[in-house]
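Have a look at the structure below before the remarks.
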Amino acid sequence: MEPVLRRPSYVLLFLVLLPIAFRCSNGEVVTLTADTFTDKVKEKDTVWFVKFCVPWCKHCNKLGTLWEDLGKAVEAEDEIEVGEVDCSLNKAVCTKADIHSYPTFKIFYDGEEFAKYQGKRDVELLKAFVLKEADKATKSNQEDDQDEL
């Protein structure tokens with residue numbers, strides 16, 4: 001006879017892992033590492049809005065779901081990706097990106113830093129900023145392409 005207690009433990013495990021599975025499959029915010037950062041921010045015609053943080057930073061922790069909410073808010077924008085870098089695990093990336101305080105929010109385009117956000121930490125303000133900067137970046141790129149012709 002099989003013990004009755006085993007089923008609830010499977011149910012408990014399922015309930016614990018379910019939110020993690022949904023968060024990973026969510027896809028709105030991409031975790032960038034030393035192995036992926038450079039290639040990702042160099043993606044052609046893609047603007048990357050990246051949050052640089054560390055787990056021990058009270059200001060980073062105070063953001064709550066802000067970055068995930070921003071990822072959802074710009075999900076429909078084909079040329080915009082939202083990423084995050086944990087500087088405690090990816091020090092070389094943060095050094096190369098000239099990160100000295102947390103959190104830091106930067107926009108990258110064609111592998112280069114394009115803009116730094118220093119405003120209030122609000123989803124609508126962040127969204128407006130990245131949309132405006134993405135428009136500038138793509139226009140700048142189009143002008144460069146025309147100059148080469």
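In the structure tokens, chains take the letters A, B, ... in the order shown, each chain's residues start at 1, and ligands count up from 1 in the order shown.
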
So which residues of stretch 92-126 of chain A fall under strand (DSSP E) by DSSP, listed as a PyMOL selection string? chain A and resi 104-109+112-117

Nearby residues (only C-alpha atoms) at most 10 Å from stretch 87-93 of chain A, same-chain spacing under 3 positions excluded, as a list in words: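 My list of contacting residues is Leu32, Thr33, Ala34, Asp35, Thr36, Phe37, Thr38, Lys51, Phe52, Cys53, Val54, Pro55, Trp56, Glu84, Lys96, Ala97, Asp98, Ile99, Tyr102 and Pro103 of chain A.
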
Write the residues you've just listed into a file as a PDB file, in the first residue's frame, and include N, CA, C and O atoms for each of them.
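For reference, out08.pdb as written:
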```pdb
ATOM      1  N   LEU A  32      21.001  38.921 -18.734  1.00  0.00           N
ATOM      2  CA  LEU A  32      22.238  38.991 -19.513  1.00  0.00           C
ATOM      3  C   LEU A  32      23.420  38.651 -18.626  1.00  0.00           C
ATOM      4  O   LEU A  32      23.474  39.051 -17.464  1.00  0.00           O
ATOM      5  N   THR A  33      24.364  37.903 -19.169  1.00  0.00           N
ATOM      6  CA  THR A  33      25.543  37.462 -18.424  1.00  0.00           C
ATOM      7  C   THR A  33      26.802  37.849 -19.200  1.00  0.00           C
ATOM      8  O   THR A  33      26.720  38.369 -20.318  1.00  0.00           O
ATOM      9  N   ALA A  34      27.940  37.529 -18.620  1.00  0.00           N
ATOM     10  CA  ALA A  34      29.208  37.794 -19.297  1.00  0.00           C
ATOM     11  C   ALA A  34      29.270  37.054 -20.635  1.00  0.00           C
ATOM     12  O   ALA A  34      29.868  37.539 -21.591  1.00  0.00           O
ATOM     13  N   ASP A  35      28.616  35.905 -20.727  1.00  0.00           N
ATOM     14  CA  ASP A  35      28.620  35.121 -21.967  1.00  0.00           C
ATOM     15  C   ASP A  35      27.667  35.660 -23.024  1.00  0.00           C
ATOM     16  O   ASP A  35      27.875  35.431 -24.215  1.00  0.00           O
ATOM     17  N   THR A  36      26.620  36.383 -22.607  1.00  0.00           N
ATOM     18  CA  THR A  36      25.590  36.799 -23.571  1.00  0.00           C
ATOM     19  C   THR A  36      25.506  38.303 -23.814  1.00  0.00           C
ATOM     20  O   THR A  36      24.984  38.725 -24.851  1.00  0.00           O
ATOM     21  N   PHE A  37      25.995  39.099 -22.885  1.00  0.00           N
ATOM     22  CA  PHE A  37      25.781  40.546 -22.933  1.00  0.00           C
ATOM     23  C   PHE A  37      26.233  41.172 -24.258  1.00  0.00           C
ATOM     24  O   PHE A  37      25.459  41.839 -24.941  1.00  0.00           O
ATOM     25  N   THR A  38      27.480  40.990 -24.622  1.00  0.00           N
ATOM     26  CA  THR A  38      28.037  41.660 -25.797  1.00  0.00           C
ATOM     27  C   THR A  38      27.284  41.284 -27.067  1.00  0.00           C
ATOM     28  O   THR A  38      26.929  42.162 -27.864  1.00  0.00           O
ATOM     29  N   LYS A  51      18.977  47.018 -17.057  1.00  0.00           N
ATOM     30  CA  LYS A  51      19.080  47.380 -15.636  1.00  0.00           C
ATOM     31  C   LYS A  51      20.290  46.653 -15.058  1.00  0.00           C
ATOM     32  O   LYS A  51      20.426  45.438 -15.216  1.00  0.00           O
ATOM     33  N   PHE A  52      21.166  47.399 -14.413  1.00  0.00           N
ATOM     34  CA  PHE A  52      22.331  46.834 -13.730  1.00  0.00           C
ATOM     35  C   PHE A  52      22.069  46.930 -12.235  1.00  0.00           C
ATOM     36  O   PHE A  52      21.838  48.022 -11.713  1.00  0.00           O
ATOM     37  N   CYS A  53      22.109  45.781 -11.550  1.00  0.00           N
ATOM     38  CA  CYS A  53      21.792  45.736 -10.123  1.00  0.00           C
ATOM     39  C   CYS A  53      22.663  44.720  -9.410  1.00  0.00           C
ATOM     40  O   CYS A  53      23.387  43.956 -10.038  1.00  0.00           O
ATOM     41  N   VAL A  54      22.556  44.717  -8.095  1.00  0.00           N
ATOM     42  CA  VAL A  54      23.151  43.688  -7.240  1.00  0.00           C
ATOM     43  C   VAL A  54      22.103  43.291  -6.204  1.00  0.00           C
ATOM     44  O   VAL A  54      21.278  44.119  -5.815  1.00  0.00           O
ATOM     45  N   PRO A  55      22.105  42.040  -5.791  1.00  0.00           N
ATOM     46  CA  PRO A  55      21.055  41.570  -4.866  1.00  0.00           C
ATOM     47  C   PRO A  55      21.036  42.270  -3.512  1.00  0.00           C
ATOM     48  O   PRO A  55      19.995  42.361  -2.876  1.00  0.00           O
ATOM     49  N   TRP A  56      22.168  42.761  -3.044  1.00  0.00           N
ATOM     50  CA  TRP A  56      22.233  43.376  -1.714  1.00  0.00           C
ATOM     51  C   TRP A  56      21.839  44.847  -1.701  1.00  0.00           C
ATOM     52  O   TRP A  56      21.773  45.464  -0.649  1.00  0.00           O
ATOM     53  N   GLU A  84      18.515  42.578 -17.933  1.00  0.00           N
ATOM     54  CA  GLU A  84      19.055  42.887 -16.607  1.00  0.00           C
ATOM     55  C   GLU A  84      20.362  42.136 -16.399  1.00  0.00           C
ATOM     56  O   GLU A  84      20.547  41.042 -16.922  1.00  0.00           O
ATOM     57  N   LYS A  96      32.930  47.018 -17.717  1.00  0.00           N
ATOM     58  CA  LYS A  96      32.988  47.458 -19.109  1.00  0.00           C
ATOM     59  C   LYS A  96      31.886  48.480 -19.418  1.00  0.00           C
ATOM     60  O   LYS A  96      32.091  49.417 -20.188  1.00  0.00           O
ATOM     61  N   ALA A  97      30.710  48.320 -18.791  1.00  0.00           N
ATOM     62  CA  ALA A  97      29.592  49.243 -19.006  1.00  0.00           C
ATOM     63  C   ALA A  97      29.691  50.485 -18.125  1.00  0.00           C
ATOM     64  O   ALA A  97      28.792  51.321 -18.126  1.00  0.00           O
ATOM     65  N   ASP A  98      30.775  50.595 -17.358  1.00  0.00           N
ATOM     66  CA  ASP A  98      31.035  51.757 -16.517  1.00  0.00           C
ATOM     67  C   ASP A  98      29.946  51.971 -15.457  1.00  0.00           C
ATOM     68  O   ASP A  98      29.425  53.068 -15.276  1.00  0.00           O
ATOM     69  N   ILE A  99      29.619  50.900 -14.761  1.00  0.00           N
ATOM     70  CA  ILE A  99      28.596  50.943 -13.718  1.00  0.00           C
ATOM     71  C   ILE A  99      29.267  51.195 -12.373  1.00  0.00           C
ATOM     72  O   ILE A  99      30.142  50.446 -11.957  1.00  0.00           O
ATOM     73  N   TYR A 102      24.072  51.549  -8.097  1.00  0.00           N
ATOM     74  CA  TYR A 102      22.938  50.662  -8.385  1.00  0.00           C
ATOM     75  C   TYR A 102      21.647  51.264  -7.873  1.00  0.00           C
ATOM     76  O   TYR A 102      21.660  51.905  -6.830  1.00  0.00           O
ATOM     77  N   PRO A 103      20.553  51.051  -8.569  1.00  0.00           N
ATOM     78  CA  PRO A 103      20.488  50.490  -9.918  1.00  0.00           C
ATOM     79  C   PRO A 103      20.912  51.532 -10.964  1.00  0.00           C
ATOM     80  O   PRO A 103      20.801  52.735 -10.728  1.00  0.00           O
TER      81      PRO A 103
END
```

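Computed from the coordinates, the atom CA of A:Lys120 to atom CA of A:Asn141 distance equals 28.1 Å.
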
Residue set, stretch 76-139 of chain A restricted to alpha helix (DSSP H), as a list in words: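 Those in stretch 76-139 of chain A that DSSP calls alpha helix (DSSP H) are Lys91, Ala92, Val93, Cys94, Thr95, Lys96, Val123, Glu124, Leu125, Leu126, Lys127, Ala128, Phe129, Val130, Leu131, Lys132, Glu133, Ala134, Asp135, Lys136, Ala137, Thr138 and Lys139 of chain A.
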
Suppose we keep N, CA and C atoms; can you now write the selection as a PDB file, in the first residue's frame?
```pdb
ATOM      1  N   LYS A  91      30.757  40.870 -12.912  1.00  0.00           N
ATOM      2  CA  LYS A  91      31.532  42.084 -12.631  1.00  0.00           C
ATOM      3  C   LYS A  91      32.206  42.645 -13.877  1.00  0.00           C
ATOM      4  N   ALA A  92      32.708  41.786 -14.753  1.00  0.00           N
ATOM      5  CA  ALA A  92      33.396  42.255 -15.960  1.00  0.00           C
ATOM      6  C   ALA A  92      32.446  43.035 -16.866  1.00  0.00           C
ATOM      7  N   VAL A  93      31.214  42.579 -16.976  1.00  0.00           N
ATOM      8  CA  VAL A  93      30.211  43.282 -17.791  1.00  0.00           C
ATOM      9  C   VAL A  93      29.960  44.662 -17.204  1.00  0.00           C
ATOM     10  N   CYS A  94      29.792  44.729 -15.909  1.00  0.00           N
ATOM     11  CA  CYS A  94      29.467  45.999 -15.250  1.00  0.00           C
ATOM     12  C   CYS A  94      30.643  46.963 -15.276  1.00  0.00           C
ATOM     13  N   THR A  95      31.830  46.447 -15.196  1.00  0.00           N
ATOM     14  CA  THR A  95      33.017  47.297 -15.311  1.00  0.00           C
ATOM     15  C   THR A  95      33.104  47.871 -16.722  1.00  0.00           C
ATOM     16  N   LYS A  96      32.930  47.018 -17.717  1.00  0.00           N
ATOM     17  CA  LYS A  96      32.988  47.458 -19.109  1.00  0.00           C
ATOM     18  C   LYS A  96      31.886  48.480 -19.418  1.00  0.00           C
ATOM     19  N   VAL A 123       6.947  52.959 -14.468  1.00  0.00           N
ATOM     20  CA  VAL A 123       6.828  52.196 -15.711  1.00  0.00           C
ATOM     21  C   VAL A 123       6.521  53.100 -16.907  1.00  0.00           C
ATOM     22  N   GLU A 124       5.571  54.002 -16.761  1.00  0.00           N
ATOM     23  CA  GLU A 124       5.195  54.848 -17.895  1.00  0.00           C
ATOM     24  C   GLU A 124       6.320  55.798 -18.302  1.00  0.00           C
ATOM     25  N   LEU A 125       7.042  56.334 -17.324  1.00  0.00           N
ATOM     26  CA  LEU A 125       8.168  57.219 -17.637  1.00  0.00           C
ATOM     27  C   LEU A 125       9.310  56.439 -18.293  1.00  0.00           C
ATOM     28  N   LEU A 126       9.599  55.259 -17.791  1.00  0.00           N
ATOM     29  CA  LEU A 126      10.630  54.410 -18.390  1.00  0.00           C
ATOM     30  C   LEU A 126      10.247  54.008 -19.810  1.00  0.00           C
ATOM     31  N   LYS A 127       8.992  53.668 -19.996  1.00  0.00           N
ATOM     32  CA  LYS A 127       8.522  53.282 -21.334  1.00  0.00           C
ATOM     33  C   LYS A 127       8.644  54.456 -22.303  1.00  0.00           C
ATOM     34  N   ALA A 128       8.201  55.626 -21.888  1.00  0.00           N
ATOM     35  CA  ALA A 128       8.294  56.814 -22.747  1.00  0.00           C
ATOM     36  C   ALA A 128       9.754  57.099 -23.100  1.00  0.00           C
ATOM     37  N   PHE A 129      10.641  56.956 -22.126  1.00  0.00           N
ATOM     38  CA  PHE A 129      12.065  57.192 -22.352  1.00  0.00           C
ATOM     39  C   PHE A 129      12.630  56.220 -23.381  1.00  0.00           C
ATOM     40  N   VAL A 130      12.373  54.924 -23.200  1.00  0.00           N
ATOM     41  CA  VAL A 130      12.957  53.941 -24.122  1.00  0.00           C
ATOM     42  C   VAL A 130      12.357  54.079 -25.519  1.00  0.00           C
ATOM     43  N   LEU A 131      11.084  54.414 -25.625  1.00  0.00           N
ATOM     44  CA  LEU A 131      10.477  54.618 -26.948  1.00  0.00           C
ATOM     45  C   LEU A 131      11.115  55.819 -27.651  1.00  0.00           C
ATOM     46  N   LYS A 132      11.314  56.902 -26.910  1.00  0.00           N
ATOM     47  CA  LYS A 132      11.924  58.105 -27.480  1.00  0.00           C
ATOM     48  C   LYS A 132      13.364  57.825 -27.911  1.00  0.00           C
ATOM     49  N   GLU A 133      14.122  57.166 -27.062  1.00  0.00           N
ATOM     50  CA  GLU A 133      15.520  56.877 -27.377  1.00  0.00           C
ATOM     51  C   GLU A 133      15.640  55.851 -28.503  1.00  0.00           C
ATOM     52  N   ALA A 134      14.722  54.905 -28.553  1.00  0.00           N
ATOM     53  CA  ALA A 134      14.733  53.923 -29.645  1.00  0.00           C
ATOM     54  C   ALA A 134      14.484  54.621 -30.980  1.00  0.00           C
ATOM     55  N   ASP A 135      13.562  55.574 -30.976  1.00  0.00           N
ATOM     56  CA  ASP A 135      13.284  56.342 -32.184  1.00  0.00           C
ATOM     57  C   ASP A 135      14.525  57.118 -32.624  1.00  0.00           C
ATOM     58  N   LYS A 136      15.202  57.759 -31.673  1.00  0.00           N
ATOM     59  CA  LYS A 136      16.438  58.493 -31.975  1.00  0.00           C
ATOM     60  C   LYS A 136      17.512  57.554 -32.532  1.00  0.00           C
ATOM     61  N   ALA A 137      17.663  56.393 -31.900  1.00  0.00           N
ATOM     62  CA  ALA A 137      18.698  55.447 -32.314  1.00  0.00           C
ATOM     63  C   ALA A 137      18.465  54.949 -33.731  1.00  0.00           C
ATOM     64  N   THR A 138      17.231  54.600 -34.045  1.00  0.00           N
ATOM     65  CA  THR A 138      16.953  54.076 -35.383  1.00  0.00           C
ATOM     66  C   THR A 138      17.074  55.172 -36.436  1.00  0.00           C
ATOM     67  N   LYS A 139      16.678  56.400 -36.100  1.00  0.00           N
ATOM     68  CA  LYS A 139      16.839  57.511 -37.048  1.00  0.00           C
ATOM     69  C   LYS A 139      18.311  57.805 -37.283  1.00  0.00           C
TER      70      LYS A 139
END
```

Atom CA of A:Glu28 to atom CA of A:Glu79: how many Å, to one decimal?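 Result for atom CA of A:Glu28 versus atom CA of A:Glu79: 12.9 Å, one decimal.
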
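Straight-line separation from atom CA of A:Gly111 to atom CA of A:Val41: 4.8 Å.
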
Could you tell me which of A:Phe108, A:Asn61, A:Val30, A:Leu70 comes closest to A:Glu43 if we count only C-alpha atoms?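 Nearest candidate to A:Glu43 out of A:Phe108, A:Asn61, A:Val30, A:Leu70: A:Phe108.
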
Taking 3 positions as the minimum chain separation for residues in the same chain, which residues sit within 12 Å of A:Asp69 when counting only C-alpha atoms? Answer as a list in words.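 My reading of the contact set: Asn26, Gly27, Glu28, Val29, Leu63, Gly64, Thr65, Leu66, Lys72, Ala73, Val74, Glu75, Val82, Arg121, Asp122, Val123, Glu124, Leu126 and Lys127 of chain A.
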
With C-alpha atoms retained, could you export that selection as an mmCIF file, in the first residue's frame?
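Result went into selection.cif, see below:
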```cif
data_model
loop_
_atom_site.group_PDB
_atom_site.id
_atom_site.type_symbol
_atom_site.label_atom_id
_atom_site.label_comp_id
_atom_site.auth_asym_id
_atom_site.auth_seq_id
_atom_site.Cartn_x
_atom_site.Cartn_y
_atom_site.Cartn_z
ATOM 1 C CA ASN A 26 7.663 34.816 -19.468
ATOM 2 C CA GLY A 27 10.406 36.215 -21.693
ATOM 3 C CA GLU A 28 9.803 39.952 -21.229
ATOM 4 C CA VAL A 29 13.049 40.530 -19.311
ATOM 5 C CA LEU A 63 12.120 48.396 -7.466
ATOM 6 C CA GLY A 64 9.979 45.318 -6.882
ATOM 7 C CA THR A 65 8.407 44.232 -10.175
ATOM 8 C CA LEU A 66 9.113 47.512 -11.967
ATOM 9 C CA LYS A 72 5.464 43.587 -20.327
ATOM 10 C CA ALA A 73 4.693 47.202 -21.264
ATOM 11 C CA VAL A 74 7.117 47.173 -24.222
ATOM 12 C CA GLU A 75 6.619 43.542 -25.198
ATOM 13 C CA VAL A 82 14.540 44.703 -21.798
ATOM 14 C CA ARG A 121 11.335 54.962 -11.416
ATOM 15 C CA ASP A 122 7.912 54.633 -12.966
ATOM 16 C CA VAL A 123 6.828 52.196 -15.711
ATOM 17 C CA GLU A 124 5.195 54.848 -17.895
ATOM 18 C CA LEU A 126 10.630 54.410 -18.390
ATOM 19 C CA LYS A 127 8.522 53.282 -21.334
#
```

Using only C-alpha atoms, the shortest atom-to-atom distance to A:Lys44 among A:Glu112, A:Glu77, A:Gln118, A:Cys57 belongs to A:Glu112

Selected residue, from A:Asp86, A:Asp78, A:Glu68, A:Asp39, that lies nearest to A:Asp110 when counting only C-alpha atoms: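 Nearest to A:Asp110: A:Asp39.
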